[in-house]
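This report concerns only the one structure given below.
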Amino acid sequence: MADTAMKSTAMKSVGGVLARQGILVAFVVFMVAFALWNPRFIDIDNVFGVIRSSAILGIMALGVTFVVIGGNLDLSVGSMLSFSAIVVLDLHENPAFGPALAIPAMYAMTLALGAINGFLIGYLRLNSLIVTLGMLSAIHGLTLTYSGGQNMDIANQNYTWFGVFGRGSALGIPIPVLVFLGLAAVLGMILAKTPFGRKVYAVGGNGTAATFSGIPRARVVFATYLISAFCVATAGLIQASRTMGAQNTVGQGLELEVLAAVILGGASLLGGSGTIFKTVIGVLILGFIQNGLLLAGLEFYVQFVVTWIIIILAVWLDIATKRGKLWSPIA
Amino acid sequence: MTDQTAALRLEGIVKTFPGVRALDGVSFSVMPGEVHALMGENGAGKSTLMKVLGGIYQPDAGRIFIEERETVMRGPLEAKAEGVMFIHQELSLAEELSVAENVYLGELPRKSFGRVDWATLHARTDAILEKLRVRFDARTRVGELSIANRQMVEIARALTVDAKAVIFDEPTASLTDAEKVVLFDVIADLRAQGVGIVYISHRMEEIFRMTDRISVLRDGSYRGTVETAATDEDEITRMMIGRSLDLSRNRDPMEVGPVALRAEGLSCGHLFQEASFEVHEGEVLGFYGLVGAGRTEIAETLFGLRTPTAGRIFLKGEEVTLSSPIEAIARGISLVPESRKEQGLVLGMNCRDNMTLPQVGDLTAGPFVSDGAEISIYDQYRDRLAIKSPSWRTPVANLSGGNQQKIVIGKWLSMRPEVLIVDEPTRGIDVGSKSEIHNLLRELAKQGYAVIVISSEMPEVLHVSDRIVAMYSGRIMREFTAAEVTEDTLIQAISGISGQAA
Amino acid sequence: MNDERLKTLLKGSAIWGFILLELVFFEVVGRTLSLSDNAFVDPDNMLLLLKQAAPLGIIAVGMTVVMINGNIDLSVGATYALAGIVMLDSMSWPMMEAMGAGAIPLAWGLALLTGCTLGLINGMIVWKTGVDAFIVTLGAMLGFRGLVFMYNGEQPTSHLDWTMVDIAEAGILGVQTPALVFLAVVLIVWLVMTRTVHGRNAYAIGDNREAAVNAGLRVGPHILINFVLIGFLAALSAVVFYSASGSVNPNDGMLFELWVITAVVLGGTKLTGGRGSVIGTLGGVLAIQLLRMGLGHIGAQTETVNLVIGTILIVVLFLDRQLNRKGAEELKI
């Protein structure tokens, strides 16, 4: 009896590993195929180019990974990105602030928005989908009110060091890439190795059991939204710095693309599963698909269709392995 | 009765899940007009058997006959079409819909354009409700009904078709005495109409009052069928739990230490009122009472999960307020909760991480969780509690119920609590683990822990407790010592028969 | 029980109370501050309100059904755009041009067929793979948008047919076609949800899916039908809107899903399924549209609309939770 149990557990985990790494395998196959077809694809400049163009989405996805593992959603990150970009640009132009003060002020304001999310969802226990949907709308309104509907631009682009975050590079590596990968390493360690990370998994996996184990559920959820807001602020800074100007709608629609990357990485919307590493893979898959399709001479929007198919296949494969059946049993 | 055609007959039913042989060759039959009790402990396989009968699970082997016609049940609809009806213990009603819509769920009468034929629906439903003598009508929204009345809606469902066999799964769990009388009348009516009835219950009194024959399951295997008139409770108990389980009364001499925890007039709204009790170091205090008597709620209050509306709690003589589990844990109170899967474990997490969850914040090396510290705690309690798991990396979801329960107990023992509260310590686990856990609880008391055990199983309470508190309807009715308690006085106390004597 | 009834009544009529409040507020503020020369509550204004609410409202009705059923559809905006493109583009096919005015119903039919097909795709995936509808339609939101772009690149698709515009802007007793279609959809779907077997089963499945399966309901095909319905309604919304406007931008309909869900939730439908009503959704849609018009009426910046609606959504959620609390005896989990 125990023997059968072990055997089937073993088989299950082999299948699970295959399914979980399936996305990685698909990624590698895709890369190799494209590299054979066009060597420029894996050219180091092209690779950095892809990572750089994925950096903003990727940094946001890191934060959202915490929220999703904690069992919630964050649909407000797109609006929040617009907000932080507009705010930092506006304060940069404000003589009372200047770049050195504009950046911490923008971080503080964005974190305050994250704290509102965290308070409503963590402490008041309101549904995260609706709260962050409301916040999406409210923050968008806030941004428009703040900017009076105008786009923000830095007037004298030559007289500021502000561009360094989006345009600069160190050791030959673009700053956005460094920030993305550095943040991924730090947040990955926090999630995988610290007590806080463990608590995030517990709260998302079974919030009731976490409470019964003395874990401060509300505080943990609150913290995931602060992390999400921190990542958005960082992404907003890079966005604003790269373009030295921004529209009110710069982040519009990003919330769902970010979520797609996180899900593609294998995090479950039910919470309790996913890793930072997998999210990075999810982000890179999206980035390289886009790049590969562009190199193949296809228009950018073809990637939308490809992404659609990949997301559904990835999630389907995952749950099919878990239930041991390809097709859903519902009649 | 054997010369008749059986209404329902099962032959050698086998059902295996990964790691568990849930049913191992179960056979029994129900005659038309017979009330046949199906008994067994939690986890004995009753619910799996019912799911096989209902077409929700397909058996790996074995055959099902209805009126001696072999039948394959592929789904709930087929079971219904064959005339096999279920009255589920876990209510499966849609709360926003009306009583009538729930009773005829899946087969609402139609008019043209797919419209619901409300007149027919309400007339038919009201006719059934009249038989059940309930006080609500077909149009009532189910969400407005009490739990007992919802149970009556479940029963009404079974009366919508010409059933050949009706299966009642713990139907009286939430009924008042008056409602039980109605239920028994309904069963008598069905029996008079020649319907075969399977009656699943733990309550011996009902079984002996209602049924013709009794079949017993243990650990997924069939233990035989006896005529109700020709047997007694002892025989049934032996069949159910086997001789291997020592449930002798606890006669250890008491050598108790000082009072560890004392409650004075503790109340929480209408859940429980004026509960006063104390538990000493080195003893097991048992809480016994029916489901809903307020036992679990007291435990949750002691663990900081509920705010008492009145009363005081003392730990080692010092008054405390416990406003969250975090505070309770810090004060040395631990709770092994009633529902292992919902409250006790994060099922997707591995064994080690579940066990160290409450103290993971302290097991650090620098900012990171120390792997070594965690594994050493896990290894220590795996050995001490004899947990059988392939590795600490195994998700707890893959363990048996008994081993899962040991993980939860290990989780709290490793916190070295002053007071250990265990709610339903052996619900749904196998006999072997059961007796291990009983021994462990006794052992812990000997080592000086103050242990509170809450249980719905009388033999268990009698076996492990030094003193027993009997609860009825939110109140402590009586307190017994192990020496003075008898089954009769205990049953009287939890049925609200004896006078107030807290 | 009385208390329970009162709460139900409160929750059921809250959105209408809110609408009344909005009407009074904008009327009074508009007058006292003399920010506007015109009355706010006036028949023409109210008819305009209905007309402007129609595109989102028609989709919101479909979303109500899908959400009562326990699912969600994030792809409605892209479905809307694609149906609009198919309709306008098909009008310029040589075959269709040759048909003259006879091509109009055919173009509408093609648009509706597009919507149904996209809904069918979503529904089939949800049914057969068992992947959560949120993820399926999140993917479809991207995928369908890709199809929109693939149809005509980043160029707008235009075709102005005056007969079509006339039909779209015709009306009975001053009520224009979009408003009529909206009200008709509300009425029909309301009847379906309250009077038919399909509608009642939708509630049952959303409320307690396991019970529905146990009772032998065929949950898969049922869900499929509702996805086809919302696809159809998203396309119908496109037909109503683009017949008049005559031009589709490939970015049209973006964020529709979020607005629609906001309206449906304001109308009292639960994300968890089993509860909600089409009439409530009508209220939710009107409340949002009133807010937009009203803020314009009193001269507030239109930008504040988003801020106000987002805040209201959260406040409503909070109040709903407070009404459902069990009080001091609650388990603190």
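So you can find residues: chains in the structure tokens are A, B, ... in the order shown, residues in each start at 1, and ligands are numbered from 1 in order.
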
Return as a PyMOL selection string the residues belonging to chain A that are within 6 Å of chain B, counting only C-alpha atoms. chain A and resi 4-5+193-195+205-206+208-209+213-214

Please provide as a compact mmCIF listing (two decimals) with C-alpha atoms, in the first residue's frame all residues within 9 Å of Asn149 of chain B, with the sequence filter that same-chain residues fewer than 2 positions apart are discarded (counting only C-alpha atoms).
```txt
# COMPACT_ATOMS: atom_id res chain seq x y z
CA VAL B 134 -42.47 22.15 7.81
CA ARG B 135 -43.38 25.76 8.45
CA PHE B 136 -41.95 27.29 5.30
CA VAL B 142 -33.15 28.88 1.21
CA LEU B 145 -33.83 29.02 6.54
CA SER B 146 -32.19 27.60 9.64
CA ILE B 147 -29.72 24.76 9.20
CA GLN B 151 -31.83 19.70 6.04
CA MET B 152 -35.55 19.27 5.51
CA VAL B 153 -35.14 20.75 2.01
CA GLU B 154 -32.51 18.10 1.31
CA LEU B 175 -32.14 18.52 13.91
CA GLU B 179 -37.75 17.69 13.83
```

Just asking: which residues within segment 238-334 of chain B are alpha helix (DSSP H) according to DSSP, as an MDAnalysis selection string? chainID B and resid 238:241 295:302 325:330

Include N, CA and C atoms and write out the residues we just selected as a tab-separated table (two decimals), in the first residue's frame.
```tsv
chain	number	residue	atom	x	y	z
B	238	ARG	N	-17.42	-3.06	18.92
B	238	ARG	CA	-16.26	-3.92	18.64
B	238	ARG	C	-16.06	-4.08	17.14
B	239	MET	N	-17.16	-4.23	16.43
B	239	MET	CA	-17.04	-4.38	14.98
B	239	MET	C	-16.47	-3.10	14.34
B	240	MET	N	-16.88	-1.98	14.90
B	240	MET	CA	-16.47	-0.71	14.30
B	240	MET	C	-15.00	-0.37	14.55
B	241	ILE	N	-14.56	-0.57	15.78
B	241	ILE	CA	-13.20	-0.11	16.09
B	241	ILE	C	-12.22	-1.24	16.27
B	295	ARG	N	-18.16	23.85	22.39
B	295	ARG	CA	-16.83	23.39	22.81
B	295	ARG	C	-15.73	24.03	21.97
B	296	THR	N	-15.88	23.92	20.63
B	296	THR	CA	-14.87	24.47	19.73
B	296	THR	C	-14.74	25.97	19.92
B	297	GLU	N	-15.88	26.62	20.14
B	297	GLU	CA	-15.86	28.08	20.28
B	297	GLU	C	-15.09	28.49	21.54
B	298	ILE	N	-15.19	27.70	22.60
B	298	ILE	CA	-14.39	28.00	23.81
B	298	ILE	C	-12.91	27.88	23.47
B	299	ALA	N	-12.55	26.82	22.76
B	299	ALA	CA	-11.15	26.64	22.39
B	299	ALA	C	-10.67	27.82	21.56
B	300	GLU	N	-11.48	28.25	20.60
B	300	GLU	CA	-11.10	29.38	19.75
B	300	GLU	C	-10.94	30.66	20.55
B	301	THR	N	-11.77	30.80	21.58
B	301	THR	CA	-11.65	31.99	22.43
B	301	THR	C	-10.35	31.95	23.23
B	302	LEU	N	-10.01	30.76	23.76
B	302	LEU	CA	-8.77	30.64	24.51
B	302	LEU	C	-7.55	30.89	23.62
B	325	PRO	N	-4.23	34.97	17.99
B	325	PRO	CA	-3.44	33.76	18.17
B	325	PRO	C	-1.98	34.09	18.48
B	326	ILE	N	-1.50	35.20	17.95
B	326	ILE	CA	-0.11	35.56	18.20
B	326	ILE	C	0.13	35.74	19.70
B	327	GLU	N	-0.82	36.44	20.35
B	327	GLU	CA	-0.70	36.63	21.80
B	327	GLU	C	-0.85	35.31	22.54
B	328	ALA	N	-1.83	34.51	22.11
B	328	ALA	CA	-2.07	33.23	22.79
B	328	ALA	C	-0.82	32.36	22.70
B	329	ILE	N	-0.22	32.32	21.51
B	329	ILE	CA	0.98	31.50	21.32
B	329	ILE	C	2.11	32.02	22.20
B	330	ALA	N	2.26	33.35	22.23
B	330	ALA	CA	3.31	33.93	23.05
B	330	ALA	C	3.13	33.57	24.52
```

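Closest approach to chain C among A:Ala229, A:Leu91, A:Ile190, A:Leu133 is made by A:Leu133 (distances from only C-alpha atoms).
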
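Proximity ranking of C:Gly62, C:Gly143, C:Pro221, C:Gly273 relative to chain B places C:Gly273 first, based on only C-alpha atoms.
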
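With only C-alpha atoms as the basis for measurement, A:Tyr159 is the residue among A:Phe41, A:Tyr159, A:Phe66, A:Phe34 that approaches Glu93 of chain A most closely.
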
What does the distance between atom CA of Gly265 of chain A and atom CA of Thr243 of chain A come to in Å, to one decimal place? 28.7 Å

Pick from C:Ser247, C:Thr196, C:Thr272, C:Asn201, whichever lies nearest to chain A using only C-alpha atoms: C:Thr272

Proximal residues of chain B relative to chain C (only C-alpha atoms; 9 Å) as JSON, numbers by chain: {"B": [54, 56, 75, 76, 77, 78, 80, 91, 92, 93, 94, 95, 96, 97, 101, 102, 104, 105, 106, 107, 108, 109, 110, 111, 113, 114, 115, 116, 117, 118, 144, 268, 269, 270, 271, 297, 300, 301, 304, 305, 306, 307, 308, 309, 324]}

Take the residues from that selection and write them out as a compact mmCIF listing (two decimals), in the first residue's frame, keeping C-alpha atoms.
```
# COMPACT_ATOMS: atom_id res chain seq x y z
CA GLY B 54 -24.10 8.14 -6.45
CA ILE B 56 -19.52 10.44 -8.47
CA GLY B 75 -23.08 10.18 -12.81
CA PRO B 76 -25.56 11.65 -10.37
CA LEU B 77 -28.28 11.86 -13.00
CA GLU B 78 -28.08 8.15 -13.69
CA LYS B 80 -31.37 9.49 -9.80
CA LEU B 91 -25.73 20.60 2.57
CA SER B 92 -25.64 21.04 -1.15
CA LEU B 93 -28.13 23.81 -1.64
CA ALA B 94 -28.03 27.07 -3.57
CA GLU B 95 -28.82 29.66 -0.93
CA GLU B 96 -30.04 32.40 -3.24
CA LEU B 97 -32.68 30.22 -4.83
CA GLU B 101 -35.91 25.59 -7.13
CA ASN B 102 -33.56 23.68 -4.87
CA TYR B 104 -36.21 20.39 -8.27
CA LEU B 105 -32.66 21.52 -9.09
CA GLY B 106 -31.62 20.03 -12.42
CA GLU B 107 -35.17 19.25 -13.49
CA LEU B 108 -37.29 22.35 -13.19
CA PRO B 109 -40.64 21.85 -14.97
CA ARG B 110 -40.73 23.73 -18.28
CA LYS B 111 -43.25 25.62 -20.35
CA PHE B 113 -39.62 29.06 -24.62
CA GLY B 114 -37.77 27.34 -21.79
CA ARG B 115 -39.80 29.15 -19.20
CA VAL B 116 -40.09 27.69 -15.73
CA ASP B 117 -43.56 26.36 -14.97
CA TRP B 118 -43.80 28.04 -11.58
CA GLU B 144 -33.37 32.51 5.11
CA CYS B 268 -19.25 34.75 23.81
CA GLY B 269 -22.63 35.99 22.66
CA HIS B 270 -25.03 33.13 22.14
CA LEU B 271 -22.19 30.69 21.32
CA GLU B 297 -15.86 28.08 20.28
CA GLU B 300 -11.10 29.38 19.75
CA THR B 301 -11.65 31.99 22.43
CA GLY B 304 -7.47 34.49 20.77
CA LEU B 305 -9.63 33.86 17.73
CA ARG B 306 -12.83 35.11 19.33
CA THR B 307 -13.40 38.06 21.61
CA PRO B 308 -15.22 37.01 24.78
CA THR B 309 -18.27 39.13 25.59
CA SER B 324 -5.06 37.16 18.70
```

Return as a Markdown table the residues of chain C lying at most 6 Å from chain A, together with the closest atom-to-atom pair for each and the distance in Å to one decimal, counting only C-alpha atoms, with rows in chain order and ascending residue number.
```
| residue | atom | partner | partner_atom | distance |
| --- | --- | --- | --- | --- |
| C:Lys128 | CA | A:Ser328 | CA | 5.2 |
| C:Thr129 | CA | A:Ser328 | CA | 5.0 |
| C:Gly130 | CA | A:Ser328 | CA | 4.9 |
| C:Val131 | CA | A:Trp316 | CA | 6.0 |
| C:Gly139 | CA | A:Trp308 | CA | 4.4 |
| C:Ala140 | CA | A:Trp308 | CA | 5.8 |
| C:Leu142 | CA | A:Phe304 | CA | 5.1 |
| C:Gly143 | CA | A:Val305 | CA | 4.0 |
| C:Gly146 | CA | A:Phe304 | CA | 4.9 |
| C:Arg218 | CA | A:Ala331 | CA | 5.4 |
| C:Gly220 | CA | A:Ala331 | CA | 5.4 |
| C:Glu303 | CA | A:Gly141 | CA | 5.4 |
| C:Thr304 | CA | A:Gly141 | CA | 5.4 |
| C:Asn306 | CA | A:Gly141 | CA | 4.5 |
| C:Leu307 | CA | A:Ala138 | CA | 3.7 |
| C:Gly310 | CA | A:Gly134 | CA | 3.9 |
| C:Leu313 | CA | A:Gly134 | CA | 5.7 |
| C:Ile314 | CA | A:Val131 | CA | 5.7 |
| C:Ile333 | CA | A:Thr208 | CA | 5.9 |
```

Keeping only C-alpha atoms, take the residues you just selected and write them out as a PDB file, in the first residue's frame.
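Printed below is part.pdb as written:
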```
ATOM      1  CA  LYS C 128     -12.935  21.585 -21.938  1.00  0.00           C
ATOM      2  CA  THR C 129      -9.652  22.547 -20.289  1.00  0.00           C
ATOM      3  CA  GLY C 130     -10.999  23.526 -16.881  1.00  0.00           C
ATOM      4  CA  VAL C 131      -8.704  26.572 -16.830  1.00  0.00           C
ATOM      5  CA  GLY C 139      -5.368  35.535 -22.516  1.00  0.00           C
ATOM      6  CA  ALA C 140      -8.196  36.123 -24.956  1.00  0.00           C
ATOM      7  CA  LEU C 142      -4.611  39.921 -25.575  1.00  0.00           C
ATOM      8  CA  GLY C 143      -5.279  37.399 -28.342  1.00  0.00           C
ATOM      9  CA  GLY C 146      -3.988  40.858 -31.683  1.00  0.00           C
ATOM     10  CA  ARG C 218     -24.716  19.846 -17.485  1.00  0.00           C
ATOM     11  CA  GLY C 220     -20.099  22.753 -19.217  1.00  0.00           C
ATOM     12  CA  GLU C 303     -10.792  63.908 -14.928  1.00  0.00           C
ATOM     13  CA  THR C 304     -12.351  63.577 -11.508  1.00  0.00           C
ATOM     14  CA  ASN C 306     -12.417  58.198 -12.591  1.00  0.00           C
ATOM     15  CA  LEU C 307     -11.413  59.227  -9.115  1.00  0.00           C
ATOM     16  CA  GLY C 310     -13.094  54.228  -8.163  1.00  0.00           C
ATOM     17  CA  LEU C 313     -16.683  51.193  -5.934  1.00  0.00           C
ATOM     18  CA  ILE C 314     -14.496  50.646  -2.885  1.00  0.00           C
ATOM     19  CA  ILE C 333      -9.563  34.630  10.814  1.00  0.00           C
TER      20      ILE C 333
END
```

Run DSSP on the backbone and tell me which residues of segment 370-438 of chain B come out as strand (DSSP E or B); list them as a list of chain:residue names. B:Pro395, B:Val419, B:Leu420, B:Ile421, B:Val422, B:Asp423

For the selection just defined, write its residues with N, CA and C atoms to a file, as a PDB file, in the first residue's frame.
```pdb
ATOM      1  N   PRO B 395       4.912  17.194   0.066  1.00  0.00           N
ATOM      2  CA  PRO B 395       3.783  18.052   0.442  1.00  0.00           C
ATOM      3  C   PRO B 395       2.868  17.301   1.419  1.00  0.00           C
ATOM      4  N   VAL B 419      -0.118  25.124  27.672  1.00  0.00           N
ATOM      5  CA  VAL B 419      -1.443  24.528  27.557  1.00  0.00           C
ATOM      6  C   VAL B 419      -1.630  24.074  26.114  1.00  0.00           C
ATOM      7  N   LEU B 420      -1.930  22.799  25.946  1.00  0.00           N
ATOM      8  CA  LEU B 420      -2.160  22.280  24.597  1.00  0.00           C
ATOM      9  C   LEU B 420      -3.636  21.925  24.463  1.00  0.00           C
ATOM     10  N   ILE B 421      -4.312  22.590  23.525  1.00  0.00           N
ATOM     11  CA  ILE B 421      -5.723  22.300  23.289  1.00  0.00           C
ATOM     12  C   ILE B 421      -5.815  21.469  22.012  1.00  0.00           C
ATOM     13  N   VAL B 422      -6.500  20.348  22.077  1.00  0.00           N
ATOM     14  CA  VAL B 422      -6.625  19.487  20.898  1.00  0.00           C
ATOM     15  C   VAL B 422      -8.102  19.280  20.615  1.00  0.00           C
ATOM     16  N   ASP B 423      -8.547  19.792  19.472  1.00  0.00           N
ATOM     17  CA  ASP B 423      -9.963  19.704  19.103  1.00  0.00           C
ATOM     18  C   ASP B 423     -10.146  18.521  18.150  1.00  0.00           C
TER      19      ASP B 423
END
```

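Across C:Leu271, C:Val86, C:Leu290, C:Val240, the tightest approach to Thr157 of chain C is made by C:Val86 when counting only C-alpha atoms.
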
Show me, as a ChimeraX atom specification, the residues that have an atom within 9 Å of Arg167 of chain A when counting only C-alpha atoms, minus same-chain residues fewer than 6 positions from it. /A:174-176,238,241-243

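Computed from the coordinates, the atom CA of Tyr57 of chain B to atom CA of Thr321 of chain A distance equals 19.6 Å.
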
So that I can see what lies close to segment 87-90 of chain C, please list as a list in words the residues with an atom at most 7 Å from it, counting only C-alpha atoms and leaving out residues fewer than 5 positions away in the same chain. Met96, Ala107, Trp108, Leu110, Ala111, Thr157, Ser158, His159 and Gly246 of chain C

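Between atom CA of Thr486 of chain B and atom CA of Lys446 of chain B there is a distance of 23.8 Å.
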
Shell of 8 Å around segment 159-171 of chain B, only C-alpha atoms, local chain residues under 5 positions omitted, as a tab-separated table (two decimals) with N, CA and C atoms, in the first residue's frame:
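What ended up in part37.tsv:
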```
chain	number	residue	atom	x	y	z
B	7	ALA	N	-33.64	-4.29	-2.96
B	7	ALA	CA	-33.81	-2.99	-3.62
B	7	ALA	C	-32.47	-2.53	-4.16
B	8	LEU	N	-31.45	-2.80	-3.39
B	8	LEU	CA	-30.11	-2.33	-3.74
B	8	LEU	C	-29.12	-3.35	-3.21
B	32	PRO	N	-36.38	-4.07	0.00
B	32	PRO	CA	-37.45	-3.07	-0.03
B	32	PRO	C	-38.12	-3.01	1.35
B	82	GLU	N	-32.12	5.84	-11.78
B	82	GLU	CA	-32.27	4.48	-11.29
B	82	GLU	C	-33.06	4.43	-9.99
B	83	GLY	N	-33.39	5.58	-9.46
B	83	GLY	CA	-34.18	5.61	-8.24
B	83	GLY	C	-33.37	5.55	-6.96
B	84	VAL	N	-32.07	5.92	-7.06
B	84	VAL	CA	-31.26	5.98	-5.86
B	84	VAL	C	-31.11	7.45	-5.47
B	85	MET	N	-31.61	7.81	-4.30
B	85	MET	CA	-31.59	9.21	-3.89
B	85	MET	C	-30.74	9.39	-2.64
B	86	PHE	N	-30.14	10.57	-2.54
B	86	PHE	CA	-29.24	10.85	-1.41
B	86	PHE	C	-29.72	12.02	-0.59
B	87	ILE	N	-29.55	11.91	0.69
B	87	ILE	CA	-29.74	13.07	1.53
B	87	ILE	C	-28.39	13.35	2.16
B	88	HIS	N	-27.74	14.39	1.64
B	88	HIS	CA	-26.35	14.62	1.99
B	88	HIS	C	-26.22	15.25	3.36
B	89	GLN	N	-25.11	14.91	3.98
B	89	GLN	CA	-24.81	15.49	5.28
B	89	GLN	C	-24.32	16.92	5.09
B	103	VAL	N	-35.33	22.07	-4.54
B	103	VAL	CA	-35.88	20.71	-4.50
B	103	VAL	C	-35.86	20.10	-5.90
B	104	TYR	N	-36.18	20.91	-6.89
B	104	TYR	CA	-36.21	20.39	-8.27
B	104	TYR	C	-34.98	20.83	-9.08
B	128	ILE	N	-44.95	18.13	-1.28
B	128	ILE	CA	-43.90	17.39	-0.56
B	128	ILE	C	-43.66	18.02	0.81
B	151	GLN	N	-31.90	21.16	6.07
B	151	GLN	CA	-31.83	19.70	6.04
B	151	GLN	C	-33.16	19.12	5.54
B	194	GLY	N	-42.30	0.56	0.68
B	194	GLY	CA	-41.41	-0.45	0.12
B	194	GLY	C	-40.10	0.08	-0.40
B	195	VAL	N	-39.71	1.28	0.07
B	195	VAL	CA	-38.43	1.82	-0.34
B	195	VAL	C	-37.34	1.24	0.56
B	196	GLY	N	-36.19	0.92	-0.03
B	196	GLY	CA	-35.06	0.47	0.78
B	196	GLY	C	-34.31	1.68	1.32
B	197	ILE	N	-33.98	1.66	2.59
B	197	ILE	CA	-33.36	2.83	3.18
B	197	ILE	C	-32.01	2.49	3.79
B	198	VAL	N	-31.00	3.26	3.40
B	198	VAL	CA	-29.69	3.14	4.03
B	198	VAL	C	-29.57	4.30	5.00
B	199	TYR	N	-29.26	3.99	6.24
B	199	TYR	CA	-29.25	5.01	7.27
B	199	TYR	C	-27.87	5.07	7.89
B	200	ILE	N	-27.13	6.17	7.60
B	200	ILE	CA	-25.79	6.32	8.14
B	200	ILE	C	-25.86	7.21	9.36
B	201	SER	N	-25.37	6.73	10.48
B	201	SER	CA	-25.39	7.55	11.68
B	201	SER	C	-24.41	7.02	12.70
B	202	HIS	N	-24.01	7.91	13.61
B	202	HIS	CA	-23.15	7.49	14.72
B	202	HIS	C	-23.97	7.23	15.96
```

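Near Trp162 of chain C, within a cut-off of 10 Å and counting only C-alpha atoms, sit the residues Ala101, His159, Leu160, Met164, Val165, Asp166, Ile167, Ala168, Ser243, Ala244 and Gly246 of chain C, with same-chain residues fewer than 2 positions away left out.
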
Contact residues around Gly25 of chain B with only C-alpha atoms at 9 Å, ignoring same-chain residues under 4 positions, as a VMD selection string: chain B and resid 11 to 15 61 to 62 220 to 222

Selection file, C-alpha atoms, as a short mmCIF file (atom, residue, chain, number, x, y, z; two decimals), in the first residue's frame:
```cif
data_model
loop_
_atom_site.label_atom_id
_atom_site.label_comp_id
_atom_site.auth_asym_id
_atom_site.auth_seq_id
_atom_site.Cartn_x
_atom_site.Cartn_y
_atom_site.Cartn_z
CA GLU B 11 -20.97 -6.79 -4.40
CA GLY B 12 -17.23 -6.59 -3.78
CA ILE B 13 -16.85 -2.86 -4.33
CA VAL B 14 -13.18 -1.79 -4.48
CA LYS B 15 -12.00 1.80 -4.79
CA ALA B 61 -13.97 -3.45 -9.09
CA GLY B 62 -17.31 -4.76 -7.93
CA GLY B 220 -12.53 0.47 4.03
CA SER B 221 -13.39 -3.16 4.50
CA TYR B 222 -16.70 -4.82 5.20
#
```
